[in-house]
Structures are given as structure tokens and as C-alpha cells.
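Visitor: File follows, my_file-v8.txt with compact mmCIF, C-alpha atoms:
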```
# COMPACT_ATOMS: atom_id res chain seq x y z
CA MET A 448 45.07 -10.41 19.37
CA VAL A 449 42.10 -8.45 17.97
CA SER A 450 43.10 -6.04 15.23
CA PHE A 451 42.15 -2.34 15.21
CA ILE A 452 39.89 -2.99 12.21
CA GLU A 453 38.09 -5.77 14.07
CA LYS A 454 37.68 -3.53 17.11
CA LYS A 455 36.38 -0.68 14.96
CA GLY A 456 33.98 -3.03 13.16
CA PHE A 457 32.71 -4.35 16.47
CA LEU A 458 32.30 -0.82 17.81
CA PHE A 459 30.28 0.31 14.79
CA SER A 460 28.12 -2.82 14.87
CA PHE A 461 27.49 -2.26 18.57
CA VAL A 462 26.58 1.41 18.05
CA ALA A 463 24.35 0.59 15.07
CA LEU A 464 22.63 -2.15 17.07
CA ALA A 465 22.10 0.24 19.97
CA ILE A 466 20.58 2.86 17.66
CA PHE A 467 18.32 0.22 16.09
CA GLN A 468 17.19 -1.00 19.51
CA ILE A 469 16.43 2.56 20.63
CA GLN A 470 14.33 3.11 17.50
CA VAL A 471 12.46 -0.17 18.07
CA VAL A 472 11.78 0.72 21.72
CA LYS A 473 10.44 4.12 20.66
CA ALA A 474 8.15 2.43 18.15
CA GLN A 475 6.55 0.15 20.75
CA PRO A 476 3.54 1.16 22.87
CA VAL A 477 4.41 2.84 26.17
CA GLN A 478 3.79 0.58 29.16
CA GLU A 479 1.31 1.94 31.70
CA LEU A 480 0.34 0.98 35.23
CA ILE A 481 -3.23 0.14 34.20
CA LYS A 482 -3.71 -2.16 31.21
CA ILE A 483 -6.95 -2.43 29.31
CA ASN A 484 -7.20 -5.71 27.48
CA ILE A 485 -9.72 -5.84 24.63
CA ALA A 486 -10.16 -8.57 22.04
CA PRO A 487 -12.88 -9.51 19.53
CA ASP A 488 -14.48 -12.90 20.17
CA HIS A 489 -13.08 -14.34 16.92
CA GLU A 490 -9.50 -15.53 17.22
CA ASP A 491 -8.52 -14.03 13.85
CA TRP A 492 -10.57 -10.83 14.49
CA VAL A 493 -12.33 -11.31 11.12
CA TYR A 494 -16.12 -11.40 10.60
CA GLU A 495 -18.63 -11.83 7.80
CA ILE A 496 -20.96 -9.02 6.74
CA GLY A 497 -23.91 -8.90 9.13
CA GLU A 498 -22.21 -11.07 11.74
CA GLN A 499 -22.33 -9.74 15.30
CA VAL A 500 -18.99 -8.94 16.92
CA LYS A 501 -18.45 -9.00 20.66
CA PHE A 502 -15.49 -7.49 22.49
CA ASN A 503 -14.05 -9.07 25.62
CA VAL A 504 -12.77 -6.43 28.06
CA SER A 505 -10.73 -6.68 31.24
CA ILE A 506 -8.83 -4.11 33.31
CA LEU A 507 -5.51 -5.15 34.87
CA LYS A 508 -3.41 -3.57 37.59
CA TYR A 509 -0.10 -5.27 38.41
CA GLY A 510 -1.33 -8.11 36.23
CA ASN A 511 -4.43 -8.72 38.34
CA PRO A 512 -8.00 -8.03 37.13
CA VAL A 513 -9.86 -5.02 38.51
CA SER A 514 -13.60 -5.31 39.20
CA ASP A 515 -16.39 -2.99 40.35
CA ILE A 516 -15.18 -0.10 38.23
CA GLU A 517 -16.84 2.19 35.69
CA ILE A 518 -15.74 2.05 32.06
CA ARG A 519 -16.80 4.00 29.00
CA TYR A 520 -16.63 2.63 25.48
CA GLU A 521 -17.12 3.96 21.96
CA ILE A 522 -17.74 1.81 18.88
CA GLY A 523 -17.80 2.82 15.25
CA PRO A 524 -16.00 2.57 11.90
CA GLU A 525 -12.32 3.48 12.30
CA LYS A 526 -11.51 7.22 12.18
CA MET A 527 -15.23 8.05 12.04
CA ASP A 528 -17.58 9.35 14.74
CA PRO A 529 -18.75 6.54 17.03
CA ILE A 530 -22.16 5.04 16.45
CA LYS A 531 -22.41 3.66 19.97
CA VAL A 532 -21.24 5.31 23.22
CA GLU A 533 -22.01 3.84 26.63
CA THR A 534 -20.79 3.92 30.23
CA ILE A 535 -21.16 0.69 32.19
CA GLN A 536 -20.08 -0.84 35.48
CA LEU A 537 -17.46 -3.55 35.15
CA LYS A 538 -18.62 -5.81 38.00
CA ARG A 539 -16.55 -8.89 37.20
CA SER A 540 -12.94 -9.37 36.16
CA GLU A 541 -14.04 -9.50 32.53
CA THR A 542 -17.07 -8.35 30.59
CA MET A 543 -18.33 -8.75 27.03
CA ILE A 544 -19.44 -5.73 25.03
CA LYS A 545 -21.88 -6.27 22.17
CA GLY A 546 -20.32 -4.28 19.35
CA GLY A 547 -22.81 -4.75 16.56
CA THR A 548 -21.93 -5.42 12.94
CA MET A 549 -21.18 -3.81 9.55
CA ASP A 550 -23.22 -3.95 6.36
CA LYS A 551 -20.20 -3.56 4.06
CA PRO A 552 -16.50 -4.49 4.10
CA GLY A 553 -14.46 -2.45 6.55
CA PHE A 554 -13.24 -2.18 10.13
CA LEU A 555 -15.24 -1.65 13.32
CA ARG A 556 -13.25 -0.14 16.19
CA CYS A 557 -13.96 -0.32 19.92
CA GLN A 558 -12.19 2.12 22.23
CA VAL A 559 -12.43 1.67 26.01
CA TYR A 560 -11.69 4.32 28.67
CA VAL A 561 -11.25 3.96 32.42
CA THR A 562 -10.24 6.49 35.07
CA ILE A 563 -8.27 5.29 38.10
CA ASP A 564 -6.80 7.58 40.75
CA GLY A 565 -7.63 10.61 38.62
CA LYS A 566 -5.81 9.37 35.50
CA GLU A 567 -7.64 8.27 32.37
CA TYR A 568 -6.42 5.21 30.49
CA SER A 569 -7.61 3.96 27.13
CA ASN A 570 -7.05 1.21 24.61
CA LEU A 571 -8.65 0.13 21.37
CA VAL A 572 -9.25 -2.93 19.26
CA THR A 573 -10.46 -3.32 15.69
CA ALA A 574 -12.54 -6.05 14.11
CA ALA A 575 -12.35 -6.70 10.38
CA PHE A 576 -15.31 -7.40 8.11
CA VAL A 577 -14.22 -9.28 4.94
CA PRO A 578 -11.24 -6.91 4.44
CA GLU A 579 -10.21 -8.68 1.22
CA GLN A 580 -13.40 -7.26 -0.34
CA ILE A 581 -12.67 -3.60 0.48
CA GLU A 582 -12.69 -1.54 -2.70
CA PRO A 583 -10.77 1.74 -3.04
CA THR A 584 -12.33 5.15 -3.53
CA ALA A 585 -9.27 6.43 -5.41
CA ILE A 586 -9.92 7.26 -9.06
CA LEU A 587 -7.26 6.41 -11.65
CA PRO A 588 -6.61 9.44 -13.89
CA VAL A 589 -6.77 8.58 -17.59
CA ASP A 590 -3.29 10.06 -18.10
CA PHE A 591 -1.75 8.52 -14.96
CA LYS A 592 0.74 6.32 -16.83
CA SER A 593 1.69 8.97 -19.37
CA PHE A 594 2.15 11.55 -16.61
CA TRP A 595 4.71 9.41 -14.82
CA MET A 596 6.38 8.11 -17.98
CA GLU A 597 6.98 11.69 -19.09
CA ALA A 598 8.26 12.66 -15.63
CA ILE A 599 10.74 9.77 -15.61
CA LYS A 600 11.82 10.60 -19.16
CA GLU A 601 12.58 14.18 -18.12
CA ASN A 602 14.41 12.94 -15.03
CA ASN A 603 16.56 10.62 -17.14
CA GLU A 604 17.86 13.67 -19.00
CA ILE A 605 19.36 15.05 -15.78
CA PRO A 606 22.89 13.69 -15.15
CA MET A 607 23.02 11.51 -12.03
CA ASP A 608 26.34 13.12 -11.01
CA VAL A 609 27.15 10.53 -8.35
CA LYS A 610 29.18 11.63 -5.34
CA MET A 611 30.31 8.92 -2.91
CA THR A 612 32.17 9.51 0.34
CA LEU A 613 33.55 6.55 2.31
CA LEU A 614 32.60 6.67 5.99
CA PRO A 615 35.54 4.84 7.63
CA ASP A 616 34.05 5.00 11.12
CA ARG A 617 30.98 3.10 9.93
CA CYS A 618 32.75 0.43 7.91
CA THR A 619 33.15 -3.05 9.33
CA GLU A 620 35.44 -5.94 8.54
CA LYS A 621 33.02 -7.16 5.87
CA VAL A 622 31.19 -4.00 4.74
CA ASP A 623 32.08 -0.65 3.21
CA VAL A 624 29.73 2.21 4.05
CA TYR A 625 29.36 5.36 1.92
CA HIS A 626 27.43 8.60 2.08
CA VAL A 627 25.98 9.04 -1.43
CA SER A 628 24.60 12.07 -3.26
CA LEU A 629 22.71 11.89 -6.57
CA GLN A 630 21.29 14.62 -8.76
CA ASN A 631 17.53 14.33 -9.20
CA TYR A 632 14.47 16.23 -10.46
CA ARG A 633 16.33 19.34 -11.60
CA VAL A 634 19.99 20.33 -12.01
CA GLY A 635 21.35 21.10 -8.56
CA SER A 636 18.60 19.22 -6.71
CA ARG A 637 19.87 16.07 -5.01
CA ILE A 638 18.88 13.07 -2.98
CA TYR A 639 21.14 11.50 -0.37
CA GLY A 640 21.53 8.07 1.14
CA ILE A 641 23.77 5.52 2.82
CA LEU A 642 25.21 2.73 0.67
CA CYS A 643 26.40 -0.47 2.33
CA LYS A 644 28.10 -3.07 0.17
CA PRO A 645 30.16 -6.19 0.80
CA LYS A 646 33.93 -5.73 0.66
CA LYS A 647 34.43 -9.16 -0.86
CA ALA A 648 34.82 -9.05 -4.63
CA GLY A 649 31.81 -10.33 -6.55
CA VAL A 650 28.32 -9.40 -7.73
CA TYR A 651 25.36 -9.22 -5.38
CA PRO A 652 21.60 -8.66 -5.18
CA ALA A 653 20.42 -5.33 -3.81
CA VAL A 654 17.78 -3.72 -1.62
CA LEU A 655 16.55 -0.14 -1.76
CA GLU A 656 15.25 0.94 1.64
CA VAL A 657 12.85 3.87 1.50
CA PRO A 658 12.07 5.97 4.59
CA GLY A 659 9.12 6.54 6.86
CA ALA A 660 7.71 10.03 7.28
CA GLY A 661 9.72 12.68 9.06
CA ILE A 662 13.27 13.95 8.82
CA ARG A 663 16.21 12.15 10.43
CA PRO A 664 19.75 10.89 9.92
CA TYR A 665 20.31 7.41 8.46
CA TYR A 666 22.91 4.76 9.23
CA GLY A 667 22.48 2.20 6.45
CA ARG A 668 21.64 -1.50 6.55
CA VAL A 669 24.97 -3.02 7.46
CA ASP A 670 23.10 -6.17 8.53
CA LEU A 671 21.95 -6.79 4.95
CA ALA A 672 25.38 -6.09 3.50
CA GLU A 673 26.82 -8.65 5.91
CA GLU A 674 24.37 -11.12 4.34
CA GLU A 675 26.03 -10.28 0.99
CA ILE A 676 23.25 -7.98 -0.20
CA ILE A 677 23.94 -4.43 -1.37
CA SER A 678 21.73 -1.97 0.49
CA PHE A 679 20.96 1.65 -0.29
CA GLN A 680 18.96 3.55 2.33
CA ILE A 681 17.77 6.96 1.18
CA GLY A 682 16.34 10.14 2.62
CA ILE A 683 13.80 12.11 0.59
CA HIS A 684 14.34 15.75 1.51
CA GLY A 685 17.34 16.73 -0.61
CA ILE A 686 19.69 17.16 2.37
CA PRO A 687 22.63 15.05 3.59
CA VAL A 688 21.59 12.17 5.84
CA ASN A 689 24.65 12.07 8.11
CA MET A 690 24.23 15.31 10.05
CA ASP A 691 23.34 15.88 13.70
CA LYS A 692 19.74 14.97 14.58
CA SER A 693 19.06 18.47 15.89
CA ILE A 694 19.31 19.86 12.34
CA TYR A 695 16.53 17.55 11.16
CA ASP A 696 14.40 18.40 14.18
CA ASP A 697 14.72 22.10 13.35
CA LEU A 698 13.70 21.49 9.74
CA MET A 699 10.72 19.40 10.80
CA SER A 700 9.55 22.18 13.06
CA GLY A 701 10.37 24.90 10.54
CA ALA A 702 10.81 24.92 6.77
CA LEU A 703 9.64 21.34 6.17
CA ASN A 704 6.77 21.27 8.63
CA SER A 705 3.81 19.48 7.00
CA TYR A 706 5.84 18.89 3.83
CA TRP A 707 3.28 16.31 2.72
CA THR A 708 0.80 19.02 1.73
CA MET A 709 3.25 21.43 0.07
CA ASN A 710 1.99 22.47 -3.39
CA LEU A 711 -0.86 19.97 -3.19
CA ASP A 712 -2.86 22.15 -5.57
CA ASP A 713 -0.46 21.48 -8.49
CA LYS A 714 0.33 17.92 -9.60
CA ASP A 715 3.54 19.09 -11.32
CA LYS A 716 4.87 20.87 -8.25
CA TYR A 717 3.56 18.71 -5.39
CA TYR A 718 6.28 17.81 -2.87
CA TYR A 719 6.11 14.09 -3.54
CA LYS A 720 6.85 14.39 -7.26
CA ARG A 721 10.54 14.97 -6.54
CA VAL A 722 10.37 12.20 -3.91
CA TYR A 723 8.82 9.57 -6.20
CA LEU A 724 11.31 10.40 -8.96
CA GLY A 725 14.06 10.21 -6.37
CA CYS A 726 13.14 6.59 -5.67
CA VAL A 727 13.52 5.79 -9.37
CA ARG A 728 16.82 7.70 -9.41
CA ALA A 729 17.99 5.54 -6.49
CA VAL A 730 17.23 2.48 -8.64
CA ASP A 731 19.28 4.10 -11.43
CA PHE A 732 22.19 4.33 -9.02
CA ILE A 733 21.92 0.78 -7.69
CA THR A 734 21.74 -0.72 -11.18
CA SER A 735 24.82 1.29 -12.20
CA LEU A 736 27.00 -0.31 -9.52
CA PRO A 737 29.50 -2.82 -10.92
CA GLU A 738 28.87 -5.04 -7.87
CA TYR A 739 25.14 -5.34 -8.62
CA ASP A 740 24.18 -8.75 -10.07
CA GLY A 741 22.00 -7.17 -12.75
CA TYR A 742 18.68 -8.73 -11.80
CA ASN A 743 17.81 -9.26 -8.12
CA LEU A 744 16.55 -5.97 -6.72
CA ALA A 745 13.98 -5.33 -3.97
CA VAL A 746 12.47 -2.28 -2.31
CA THR A 747 11.26 -2.14 1.28
CA GLY A 748 9.99 0.30 3.89
CA GLY A 749 7.25 1.08 6.38
CA SER A 750 4.56 3.77 6.61
CA GLN A 751 5.68 6.48 4.14
CA GLY A 752 8.33 3.89 3.23
CA GLY A 753 5.60 1.31 2.68
CA ALA A 754 3.95 3.77 0.31
CA LEU A 755 7.25 4.42 -1.49
CA SER A 756 7.75 0.66 -1.86
CA PHE A 757 4.45 0.45 -3.77
CA VAL A 758 5.35 3.54 -5.78
CA THR A 759 8.84 2.38 -6.74
CA ALA A 760 7.64 -1.06 -7.79
CA GLY A 761 4.74 0.48 -9.71
CA LEU A 762 7.00 2.86 -11.61
CA ASP A 763 10.11 0.73 -12.18
CA LYS A 764 10.11 -2.87 -13.36
CA ARG A 765 13.80 -3.21 -12.63
CA VAL A 766 12.50 -3.86 -9.11
CA LYS A 767 11.66 -7.55 -8.79
CA TYR A 768 10.35 -7.76 -5.20
CA LEU A 769 8.81 -5.50 -2.59
CA ALA A 770 8.26 -5.86 1.15
CA ALA A 771 5.90 -3.15 2.41
CA TYR A 772 4.84 -2.46 5.98
CA TYR A 773 1.69 -0.43 6.82
CA PRO A 774 1.73 1.78 3.69
CA ALA A 775 0.74 5.43 4.04
CA LEU A 776 -0.71 7.62 1.25
CA SER A 777 -3.27 4.91 0.46
CA ASP A 778 -6.81 5.73 -0.66
CA LEU A 779 -6.46 9.35 0.38
CA SER A 780 -9.96 10.14 -0.85
CA GLY A 781 -11.63 7.75 1.60
CA TYR A 782 -12.76 10.65 3.78
CA LEU A 783 -14.57 12.18 0.81
CA GLU A 784 -16.71 9.03 0.71
CA GLY A 785 -17.44 8.94 4.43
CA ARG A 786 -14.82 6.46 5.56
CA ALA A 787 -11.20 6.41 6.73
CA GLY A 788 -8.55 7.67 4.32
CA GLY A 789 -4.81 7.11 4.46
CA TRP A 790 -2.08 9.16 6.12
CA PRO A 791 -1.52 12.13 6.00
CA HIS A 792 -5.33 12.47 6.24
CA MET A 793 -5.37 15.68 4.18
CA PHE A 794 -9.05 15.22 3.37
CA GLN A 795 -10.38 14.48 6.85
CA PRO A 796 -13.46 16.55 7.73
CA SER A 797 -11.53 18.68 10.24
CA ASP A 798 -9.31 20.01 7.42
CA SER A 799 -11.85 21.08 4.81
CA SER A 800 -9.41 23.70 3.44
CA ASN A 801 -8.05 20.92 1.22
CA TYR A 802 -11.48 20.22 -0.27
CA THR A 803 -10.69 21.84 -3.60
CA GLU A 804 -10.89 20.32 -7.05
CA ALA A 805 -7.19 21.01 -7.73
CA LYS A 806 -5.98 19.31 -4.52
CA ILE A 807 -8.26 16.32 -4.88
CA ASN A 808 -7.11 15.88 -8.47
CA THR A 809 -3.42 16.12 -7.53
CA ALA A 810 -3.83 13.47 -4.84
CA ARG A 811 -5.00 10.96 -7.44
CA TYR A 812 -1.62 11.05 -9.18
CA TYR A 813 0.16 10.26 -5.90
CA ASP A 814 -2.26 7.84 -4.26
CA VAL A 815 -0.68 4.46 -3.51
CA VAL A 816 -3.82 2.70 -4.76
CA ASN A 817 -3.05 3.84 -8.30
CA PHE A 818 0.53 2.55 -8.05
CA ALA A 819 -0.75 -0.74 -6.62
CA ARG A 820 -2.69 -1.11 -9.87
CA GLN A 821 0.62 -1.05 -11.77
CA ILE A 822 2.47 -3.63 -9.66
CA THR A 823 3.47 -6.88 -11.37
CA GLN A 824 6.21 -7.94 -8.93
CA THR A 825 6.06 -10.48 -6.14
CA GLY A 826 5.26 -8.79 -2.83
CA TRP A 827 5.28 -9.34 0.94
CA TYR A 828 2.95 -7.11 2.96
CA SER A 829 2.38 -6.68 6.68
CA TRP A 830 0.38 -4.51 9.10
CA GLY A 831 -2.06 -4.62 12.01
CA PHE A 832 -5.74 -3.87 12.49
CA ASN A 833 -5.17 -1.36 15.32
CA ASP A 834 -3.19 1.15 13.26
CA THR A 835 -4.59 4.65 13.80
CA VAL A 836 -1.98 6.38 11.59
CA CYS A 837 -2.47 4.26 8.48
CA PRO A 838 -6.02 2.89 8.85
CA PRO A 839 -6.34 -0.73 7.70
CA THR A 840 -9.24 0.23 5.42
CA SER A 841 -6.84 2.40 3.43
CA MET A 842 -4.10 -0.25 3.35
CA TYR A 843 -6.43 -3.00 2.15
CA SER A 844 -7.72 -0.58 -0.49
CA ALA A 845 -4.23 -0.63 -1.99
CA TYR A 846 -3.38 -4.27 -1.32
CA ASN A 847 -6.59 -5.55 -2.88
CA GLU A 848 -5.71 -3.76 -6.14
CA VAL A 849 -2.38 -5.60 -6.50
CA ASN A 850 -2.76 -8.13 -9.32
CA ALA A 851 0.51 -9.98 -8.81
CA PRO A 852 1.88 -12.77 -6.57
CA LYS A 853 1.44 -11.50 -3.02
CA GLU A 854 1.25 -12.60 0.56
CA ILE A 855 -0.05 -10.70 3.56
CA HIS A 856 1.09 -11.17 7.15
CA VAL A 857 -1.36 -9.60 9.59
CA PHE A 858 -0.33 -9.03 13.20
CA GLN A 859 -3.79 -8.09 14.37
CA ASP A 860 -3.04 -6.23 17.60
CA THR A 861 -0.27 -4.01 16.24
CA GLY A 862 -0.82 -0.33 15.68
CA HIS A 863 1.69 1.81 13.81
CA TRP A 864 4.57 -0.38 14.92
CA THR A 865 5.96 -3.85 14.34
CA TYR A 866 6.98 -6.82 16.42
CA PRO A 867 10.64 -7.87 16.09
CA GLU A 868 9.36 -11.23 14.81
CA GLU A 869 7.41 -9.41 12.10
CA ARG A 870 10.47 -7.51 10.90
CA GLU A 871 12.55 -10.66 10.99
CA LYS A 872 9.99 -12.49 8.82
CA GLY A 873 10.11 -9.71 6.25
CA LYS A 874 13.89 -9.63 6.25
CA ARG A 875 14.16 -13.42 5.84
CA TRP A 876 11.64 -13.31 2.97
CA LEU A 877 13.73 -10.68 1.18
CA ILE A 878 16.95 -12.63 1.64
CA GLU A 879 15.33 -15.84 0.42
CA LYS A 880 13.95 -14.16 -2.70
CA LEU A 881 17.10 -12.24 -3.51
CA LYS A 882 19.55 -15.07 -2.94
```
Turn the structure described in the file into C-alpha cells.
Guide:
Amino acid sequence: MVSFIEKKGFLFSFVALAIFQIQVVKAQPVQELIKINIAPDHEDWVYEIGEQVKFNVSILKYGNPVSDIEIRYEIGPEKMDPIKVETIQLKRSETMIKGGTMDKPGFLRCQVYVTIDGKEYSNLVTAAFVPEQIEPTAILPVDFKSFWMEAIKENNEIPMDVKMTLLPDRCTEKVDVYHVSLQNYRVGSRIYGILCKPKKAGVYPAVLEVPGAGIRPYYGRVDLAEEEIISFQIGIHGIPVNMDKSIYDDLMSGALNSYWTMNLDDKDKYYYKRVYLGCVRAVDFITSLPEYDGYNLAVTGGSQGGALSFVTAGLDKRVKYLAAYYPALSDLSGYLEGRAGGWPHMFQPSDSSNYTEAKINTARYYDVVNFARQITQTGWYSWGFNDTVCPPTSMYSAYNEVNAPKEIHVFQDTGHWTYPEEREKGKRWLIEKLK
């Protein structure tokens, strides 16, 4: 006979799996009736400076190629105005577009458009030119290290004041799940997260999971805890992370809309200062747990979470490993030098209101490139060339500055999403390193 606890554990695992699957489905590209297939003529999509790139294009309907149809294409450096725009007749099932070349390291993007039955479809592909040679535009402030050392020192003087609430409905046979609240940044200001830890007595390695951009509830990484790894998944906005999703949606549309530019003109008051310190405070909490093994600690996340993985490792050497997916907030000043900058694109030409000395200076203290320069830990990194949210130029700008053991796993055709196989590789790497 199955016990009530076993039933409840199965129910939670099923619900958590369902939620995870829904999130993964939402992250994948939407399937459309007409598919535009584009690929560079090099299998790895990588070219040398001055080498000519060609793009193979085909249009599919119900899996069959469409011929005798007009297509329009645009080619240029990612996120920049196209340097080549042309409309041609696709007479065969496949055609080859001559895309040109680049005279410096970077990414050349080809976007193809076709209109069928009154509906326009589009797709893009991105060729890389010696991406490992991309250099950042971000300037390292002379007082960068002292600024953050002083901030952490001040944060350490604030009592952590831990509050943990067991969430019985989320616990499983092997894992206890808690809603956690920690004091951070100033007295009365808090960060919240979901702690998952093995029920079995012992000491364990740990993972800090940092979040992507936006505001949402969190459910914890029960899967890692079932692998005998403590996990702590945090939110960054100073509000509980176990409320109804509608509350977060209201905040995203209201008080916290565009939070990433709040107080950008003051490096001491910028929104992300409390966030970055909150990541260090989360490490304080993990290392205070009696079940923590005292050494093996990793940080992981994607997009904003990829950025926070760089930041946490750069600020806190108690972290021994990081696994970062498509990091945001990288080389923010790229636009000021005529090329793609990182999310949230606060310096793109269409938003020149941010082109002030104070805002540009503040961004330097929060740019992931400058935290990459501080990383000494072993890292696993992954992204795709077709990302339009976190341009690969910006991500390589950070990655190339990491002077520590590192490995990169490129899934060329991915945009701002991951394949399940990609996530599984990152998870297995973390488990292998930690255990």
C-alpha cells in the first residue's frame, strides 16, 4: 500500500514537473505553418575575418519546399541597421544568399521574410567571425573592487535574521522544502527564496540558483535536492516568492515596470546594487546551514540569472563553480561604440535619454564584463548565436575576459532559449563537480 506521504510526494513531483514542462514549452519558439530554414555554409557557423559567408535558404510548408516565391532578406551586424537589403525570387526549393564578410570579430546576422496568403513570416541566422577574439567595450572603474568590498562590508553589518517556513505540500519523501526570508541591504529590506534540502542526515554540496529577468513565483529545485545537493532558488525583488502569479504580473506592469533602469544615474542607489548584494547574502545563508559540506558551492542561472552567476562568482570566492546560460547585462556600453550591447539595451540609439555621464558611469559598476574579470572559479557556459535578447557579441565580451578554467557549449541555432539536452548537460556538469 502506498503511504499518504508517498502519494503527497508523488503529487508534488508531478505538479513541479508539469510547471517545469510548461515553462520549457513557453521558452521554445512557436511553431508556424510556414518554416524558413536558414543556415550558414559552415557547419559550425564560424568564419575567419575577411572570409565570405553564404546563407542557404529554403521555405517549407507542411515539410515540403516552396518554390517560385518572393523573399526579402536583410544582412548586417546583429542589432545594427542592415548593410544589405534585397528582394529576390526563390525559383528553386533552396537558394544561396551571398552574405559578405566582416573586417573585425563579431556576428553577422541574416533575416529572411516571406509573405504567404497575406501573412508575413520571418526567421534569422547568425554567423560568427572569430568570436573568441571579441574584446569588450566596458571600462573597469579604478575603484571597482573597493566599491564592492565596501558594499559587502556594510551588508555584513546587517543581521541576516533568517526566517524559514516549512512548505509541507511541497515536501517529498526525500526532500524538505522551505520558504526563506533573509534581511539584506538595509534593516527591514529582505530577499526571499525556496530552500530544498535532503531529509537524510548528513552534509551536502549546494547550488544557488539565481533568476532570469521578470517577476514570478518560484518552486525550488527539488530535482537537485533528490540528487543530495542543497539548492536555494532566490527571487530578487524583496517580496515573497510563493504568492499567486497575478500579484507578480501586477507588479511587473506597475511599480516594478522597467526595474532594470531604476536609479541608473546613481551607482549607490541603482536597483541592482541591492540585487547583487542579495546574491552574496544568499551565499551567507547557504554557508550557515549545518547540512552544508563547507566547500562545494555553485551558482547557476540564465539570462539575468546568467549575469548574476558571473556577479556572484566575481564577488564571492566561497563559490567554487558557476554554470551560466546566455548572460544578460554584458558589455552594456557596446551601443556607444556602434555595436550590439547586452540586455536590457539601455544605451541603444532609440533610447538616447540614458546617454548621460552619470548613467554610463553607473553601468560600469554593474556590467558583467567587469565581474568576469574577477572570476577565478571553474565555469561552464552556454548560449546560441541567434539570441536577440542577449546578443552573442555581448556574451563573448564577458566570456573572453574570464581568466579561469572554463568551457563553452554553443548551441548555434538557439535564441533566448535552451534545448532540454543543453540544460541536462549543465545540470550533469554541476553534479559531477559538486559530488
Visitor: Quick one: of A:Tyr520, A:Phe858, A:Trp595, A:Tyr768, who's nearest to Tyr568 in chain A, counting only C-alpha atoms?
Guide: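 Counting only C-alpha atoms, the residue closest to Tyr568 in chain A is A:Tyr520.
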Visitor: Which residues come within 9 Å of Ser628 in chain A, counting only C-alpha atoms, excluding same-chain residues fewer than 5 positions away, as a ChimeraX atom specification?
Guide: /A:607-612,637-641,687
Visitor: Of the residues A:Ser780, A:Thr861, A:Asn743, A:Ser750, which is the one nearest to Arg765 in chain A, using only C-alpha atoms?
Guide: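 The closest residue to Arg765 in chain A is A:Asn743.
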Visitor: Would you mind listing what lies within 12 Å of Asn710 in chain A as a compact mmCIF listing (two decimals) with C-alpha atoms, in the frame of the given file, with only C-alpha atoms counted and same-chain residues fewer than 4 positions away left out?
Guide:
```txt
# COMPACT_ATOMS: atom_id res chain seq x y z
CA SER A 705 3.81 19.48 7.00
CA TYR A 706 5.84 18.89 3.83
CA LYS A 714 0.33 17.92 -9.60
CA ASP A 715 3.54 19.09 -11.32
CA LYS A 716 4.87 20.87 -8.25
CA TYR A 717 3.56 18.71 -5.39
CA TYR A 718 6.28 17.81 -2.87
CA TYR A 719 6.11 14.09 -3.54
CA LYS A 720 6.85 14.39 -7.26
CA ARG A 721 10.54 14.97 -6.54
CA ASN A 801 -8.05 20.92 1.22
CA ALA A 805 -7.19 21.01 -7.73
CA LYS A 806 -5.98 19.31 -4.52
CA THR A 809 -3.42 16.12 -7.53
CA ALA A 810 -3.83 13.47 -4.84
```
Visitor: Just how far from CA of Pro839 in chain A is CA of Val572 in chain A, in Å to one decimal?
Guide: 12.1 Å
Visitor: Given all atoms listed in the file as the basis, pick out the residue of A:Val500, A:Met527, A:Ile683, A:Ala574 nearest to Gln859 in chain A.
Guide: A:Ala574
Visitor: Name the residues in contact with Gly753 in chain A at a cut-off of 8 Å, using only C-alpha atoms, excluding same-chain residues fewer than 6 positions from it; report them as a list in words.
Guide: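 Here the answer would be Val657, Gly659, Thr747, Ala770, Ala771, Tyr772, Tyr773, Pro774 and Ala775 of chain A.
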Visitor: Could you please determine the separation between CA of Glu620 in chain A and CA of Lys646 in chain A in Å, to one decimal place?
Guide: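 Interatomic distance here is 8.0 Å.
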Visitor: Counting all atoms listed in the file, what is within 10 Å of Glu784 in chain A, bar same-chain residues fewer than 4 positions away, as a ChimeraX atom specification?
Guide: /A:584-585,780,788
Visitor: Keeping only C-alpha atoms, write those residues as a short mmCIF file (atom, residue, chain, number, x, y, z; two decimals), keeping the file's coordinate frame.
Guide:
```cif
data_model
loop_
_atom_site.label_atom_id
_atom_site.label_comp_id
_atom_site.auth_asym_id
_atom_site.auth_seq_id
_atom_site.Cartn_x
_atom_site.Cartn_y
_atom_site.Cartn_z
CA THR A 584 -12.33 5.15 -3.53
CA ALA A 585 -9.27 6.43 -5.41
CA SER A 780 -9.96 10.14 -0.85
CA GLY A 788 -8.55 7.67 4.32
#
```
